[in-house]
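J.: The structure follows.
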Amino acid sequence: MEKVNEIMNKYPDATEVSLEHCGLKTLDEILVDLSKLRYLKVLRLANNQLRYLPSDMSGLQRVEYLDLRNNNFNSSQNVLSGLFSLPSLKHLYITLDEQEEDEIIVSLSNLESFNGTPLTDLPDADPPQYSPSKNNSSPKRTNNTDNRNNDDTNNIPPIEQEEASTPQSNGTTSEEIGVEDFKDAKRLHEAVCLYLGKKTPFVIDSIPNLKVLLDLKRETTPQGSINYQSELFNSKKQLFDISFEDVIEKVAQTDKKAASILTIVKNSYSDLCDFYYSLIKSVSGECFSKLLALQKELDSADKDIAQLLEETEALHKLASESEEAKNKIIRQQELERSRMAEEIGELKVEIERYKNRLNQIQVNRQKLALQVTNTPTQVLNQSTAKPKETKPTKLKPLSLKQLKEVIEEIYQSKQRFDQKCHDNQLPRETMEQHLYTYLNQKYGLKSLVFEWATAITFAVKRFSREDNDVKCFGKILRNEIDEEFRFVQKQLKDTTVELLKVFLRGKYSKKVDSELIQIIQNRVNGDLNEDEWVDIIKYMYNKEDSLTVIIRVNDAVMEGQKASLNQSGGSSQSNKSFEKSNKVPFKMFIDVLLDFQLESHEKFLNKFVKLFREIDINRDGILNQVEIKRLLMTVNPNCNESELMTSISTIDPNNNQQVTFSECVAFLSADLVKMASEMSNISSTKQSHLSSSNLSIGDL
């Protein structure tokens with residue numbers, strides 16, 4: 001709208017207006033202003049977002065040329081009523097389906113050209129080309145001088161119309177040498193003649209290398225076609241040089257500086273064209289020489305294949321001749337095999353008989369030895385004695401330290417096991433499955449495996465509130481978060497320590513390294529000052545999350561101080577420290593960050609976890625191929641069958657038809673981000689009352 005107003009104010013007599021690439025979605029707002037341009041003939045609206053045209057555009061009475069290419073028209077019905085209302089429309093450019101374009105051509109009988117294709121006996125002349133030298137929306141203005149020029153040029157026939165009357169010589173036709181290829185050179189010649197005040201027609205004989213072009217045009221080989229294009233390029237360059245020199249000679253009569261600049265431009269352009277002409281010639285020659293060599297190799301390969309086929313036929317004939325001898329040998333082998341099978345059966349019966357006799361002899365020997373070494377009373381007592389019962393051993397409850405050591409061993413075992421599965425193209429296990437795999441490999445006995453699994457389960461349930469690592473392990477076991485999240489937690493710890501080091505180095509810049517290391521160690525093993533932990537939070541999180549984390553840290557400090565106050569009996573000294581303390585234990589600070597990170601990740605996966613559990617019917621954390629396909633279609637319902645099979649082959653490359661929860665999270669990370677953003681947009685509307693709060697990080 002602003003561009004149209006600017007045109008109205010600066011160029012009220014404009015004959016051409018370009019509003020390309022302006023993001024226009026409708027013409028309703030600017031149609032009235034455009035109708036005020038009384039002399040407007042050319043209107044360019046390409047590369048916008050128009051979906052329809054206004055039904056009444058009769059205000060644009062003089063518009064003859066309309067460019068609507070690369071818009072969002074779905075049907076010709078969205079534009080026909082508007083196009084009908086343009087009384088002077090002759091040349092139309094629009095992007096539609098072929099059937100829709102045919103409907104427009106039939107409906108608009110006054111059109112002279114459609115998308116550059118002439119619809120009358122004589123081709124239409126191209127409208128003046130729009131020149132974006134100053135502003136993409138600057139129109140061409142008309143004044144008295146322009147009107148005089150237009151009057152002069154109106155008497156000159158269009159370039160395309162002159163092609164039909166181009167003089168010919170030596171029996172050469174325009175189709176033979178491709179006059180259409182010299183359309184731009186002919187147009188430049190016409191423009192230069194107009195500028196110089198000459199009326200010299202464009203003659204075919206003036207084309208350089210005419211005979212060479214004619215010979216190459218008649219060749220039907222690919223090499224001849226490429227050579228024709230390169231020679232055509234060189235001929236055009238020579239024609240452009242001639243036109244350049246004529247213009248420079250004319251300009252030099254009035255402005256020598258401009259003529260010298262044009263000479264430099266002409267020489268640069270000519271050198272560049274010569275370079276590319278030489279490059280095309282050399283590259284095409286090398287390519288076709290290689291192609292010829294490949295053709296020779298292919299011919300040689302064809303001969304080898306023919307020879308191999310002859311040898312194959314000979315071998316086939318030899319094989320058919322030996323088929324009878326082969327069948328005879330097979331019959332002899334069958335007879336020999338049946339005879340040997342009968343003998344083997346007789347031997348087996350004989351062996352069984354000898355085995356029974358041997359077993360009877362061994363039993364008799366054992367009875368005899370028992371009678372010699374034991375008294376009858378001892379034999380009776382041994383025969384009636386009850387077997388000893390083995391009592392199952394019970395493990396003591398695991399401490400937090402022991403549990404974390406076991407968890408770390410399970411993580412390391414799982415990582416090695418996953419690598420073996422990847423190398424051997426086997427399916428991965430869930431963390432719950434690998435827990436029993438690990439215990440079975442370590443202890444072997446089913447009773448011990450069960451006792452250790454029970455002890456670990458109770459310990460995880462007991463210490464989840466106290467330790468974030470234990471809580472994270474428990475959620476991985478229950479497929480509430482993915483296995484790779486443990487690496488995120490580890491990275492968070494390392495990043496916090498590194499940020500603390502950077503802050504302390506800037507704060508104590510005059511300290512030597514040994515003193516600085518000691519200060520860092522004291523902070524890690526002790527308490528953080530308020531400016532230190534607040535700075536770390538501000539660096540790691542955005543403003544909203546920083547505010548949330550700072551509040552949680554303060555709440556954790558308050559709870560810790562209340563607990564210590566209750567233990568000390570509420571003394572005045574402890575109450576004073578409770579009010580004035582602004583330090584945070586480093587371990588408490590890390591726990592708050594880890595808990596916040598874990599909660600954020602759970603929110604991120606919340607919708608996907610529910611969806612996964614609906615599809616995972618047996619709740620084992622593993623999907624088969626049918627379940628994987630259902631999951632992918634639910635997450636991305638717009639994917640077609642080809643994209644779906646590609647995704648399945650990517651997530652399950654070995655076709656094991658077993659994909660774990662963690663593998664699904666890793667593969668669908670981009671889709672999960674989209675799902676999480678949708679959830680956050682919904683939740684943000686419910687929590688809009690928080691934006692009115694004046695609480696900031698500085699207030700804390």
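Simple scheme: letters A, B, ... for chains in structure tokens order, numbers from 1 for residues in each chain, numbers from 1 for ligands in the order shown.
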Do a neighbour search on Val557 (chain A) at 10 Å with only C-alpha atoms, toss out local chain neighbours closer than 5 positions, and write the hits as a list of chain:residue names.
T.: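 Listing them by chain and then by number gives A:Ile551, A:Arg552, A:Lys562, A:Ala563, A:Phe578, A:Ser581, A:Asn582, A:Lys583, A:Val584, A:Pro585, A:Met588, A:Phe589.
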J.: So that I can check the surroundings of Gln657 (chain A), please list as an MDAnalysis selection string every protein, DNA and RNA residue that reaches within 8 Å of it, counting only C-alpha atoms and ignoring chain neighbours fewer than 6 positions away.
T.: chainID A and resid 623:625
J.: Mind giving me the straight-line distance from CA of Val265 (chain A) to CA of Lys236 (chain A) in Å, one decimal?
T.: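 The value is 16.6 Å.
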J.: Just the strand (DSSP E) stuff from region 566-682 of chain A, please, per backbone DSSP, written as a PyMOL selection string.
T.: chain A and resi 584-585+622-623+659-660
J.: Between CA of Leu504 (chain A) and CA of Gln561 (chain A), what distance in Å does the model show, to one decimal?
T.: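 Between these atoms lies a distance of 25.9 Å.
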J.: From the options A:Leu86, A:Ala306, A:Leu68, A:Ala666, which residue's atoms come nearest to Phe114 (chain A), counting only C-alpha atoms?
T.: A:Leu68
J.: Could you tell me which of A:Phe233, A:Asn267, A:Ile329, A:Ser243 comes closest to Glu190 (chain A) if we count only C-alpha atoms?
T.: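 Closest to Glu190 (chain A), using only C-alpha atoms: A:Ser243.
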J.: Compare A:Leu593, A:Ile481, A:Ile280, A:Cys193 by their minimum atom-to-atom distance to Ile242 (chain A), counting only C-alpha atoms, and give me the closest one.
T.: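 Of the candidates, the smallest distance to Ile242 (chain A) is held by A:Cys193.
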J.: When DSSP is applied to the backbone of this structure, which of region 617-662 of chain A are assigned helix (DSSP H, G or I)? Write them out as a list in words.
T.: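 Taking region 617-662 of chain A and keeping helix (DSSP H, G or I) gives Gln625, Val626, Glu627, Ile628, Lys629, Arg630, Leu631, Leu632, Met633, Thr634, Val635, Glu641, Ser642, Glu643, Leu644, Met645, Thr646, Ser647, Ile648, Ser649, Thr650, Ile651, Phe661 and Ser662 of chain A.
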J.: At what distance in Å, to one decimal, does CA of Lys414 (chain A) lie from CA of Lys442 (chain A)?
T.: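 Going from CA of Lys442 (chain A) over to CA of Lys414 (chain A) covers 13.4 Å.
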J.: Pick out the residues sitting within 12 Å of His21 (chain A), and hand them over as a list in words; count only C-alpha atoms, and ignore anything fewer than 5 positions along from it in its own chain.
T.: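 Skipping anything fewer than 5 positions along the chain leaves Arg44, Leu45, Ala46, Asn47, Asn48, Gln49, Leu50, Leu68, Arg69, Asn70, Asn71, Asn136 and Ser137 of chain A.
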J.: Taking 6 positions as the minimum chain separation for residues in the same chain, which residues sit within 8 Å of region 605-622 of chain A when counting only C-alpha atoms? Answer as a ChimeraX atom specification.
T.: /A:430,479-481,630-631,658-661,672,675-676
J.: Okay, now the selection with C-alpha atoms, as a compact mmCIF listing (two decimals), in the first residue's frame?
T.:
# COMPACT_ATOMS: atom_id res chain seq x y z
CA THR A 430 15.46 -51.63 27.29
CA ASN A 479 10.32 -45.71 30.13
CA GLU A 480 9.29 -42.23 31.27
CA ILE A 481 12.46 -40.64 29.82
CA ARG A 630 1.11 -46.82 13.84
CA LEU A 631 3.32 -44.57 15.98
CA GLN A 658 12.05 -54.44 17.84
CA VAL A 659 12.50 -50.72 18.56
CA THR A 660 12.90 -49.45 22.12
CA PHE A 661 11.36 -46.35 23.66
CA LEU A 672 8.72 -34.14 19.49
CA MET A 675 4.62 -31.47 19.72
CA ALA A 676 6.21 -29.77 22.73
J.: Smallest atom-to-atom distance to Thr437 (chain A): which of A:Glu451, A:Ser413, A:Ala459, A:Ile248, using only C-alpha atoms?
T.: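 Using only C-alpha atoms, Thr437 (chain A) sits closest to A:Ser413.
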J.: Using only C-alpha atoms, find each residue in region 193-236 of chain A having at least one atom no more than 12 Å away from region 287-298 of chain A; report its shortest atom-to-atom pair and that distance in Å (one decimal), rows by chain then rising number, as JSON lines.
T.:
{"residue": "A:Thr221", "atom": "CA", "partner": "A:Phe288", "partner_atom": "CA", "distance": 11.0}
{"residue": "A:Pro222", "atom": "CA", "partner": "A:Phe288", "partner_atom": "CA", "distance": 9.1}
{"residue": "A:Gln223", "atom": "CA", "partner": "A:Phe288", "partner_atom": "CA", "distance": 7.0}
{"residue": "A:Gly224", "atom": "CA", "partner": "A:Phe288", "partner_atom": "CA", "distance": 10.6}
{"residue": "A:Ile226", "atom": "CA", "partner": "A:Phe288", "partner_atom": "CA", "distance": 10.2}
{"residue": "A:Asn227", "atom": "CA", "partner": "A:Phe288", "partner_atom": "CA", "distance": 11.0}
J.: Write out as a ChimeraX atom specification each polymer residue whose atoms come within 9 Å of Phe417 (chain A), counting only C-alpha atoms; drop sequence neighbours fewer than 6 positions from it.
T.: /A:428-429,434
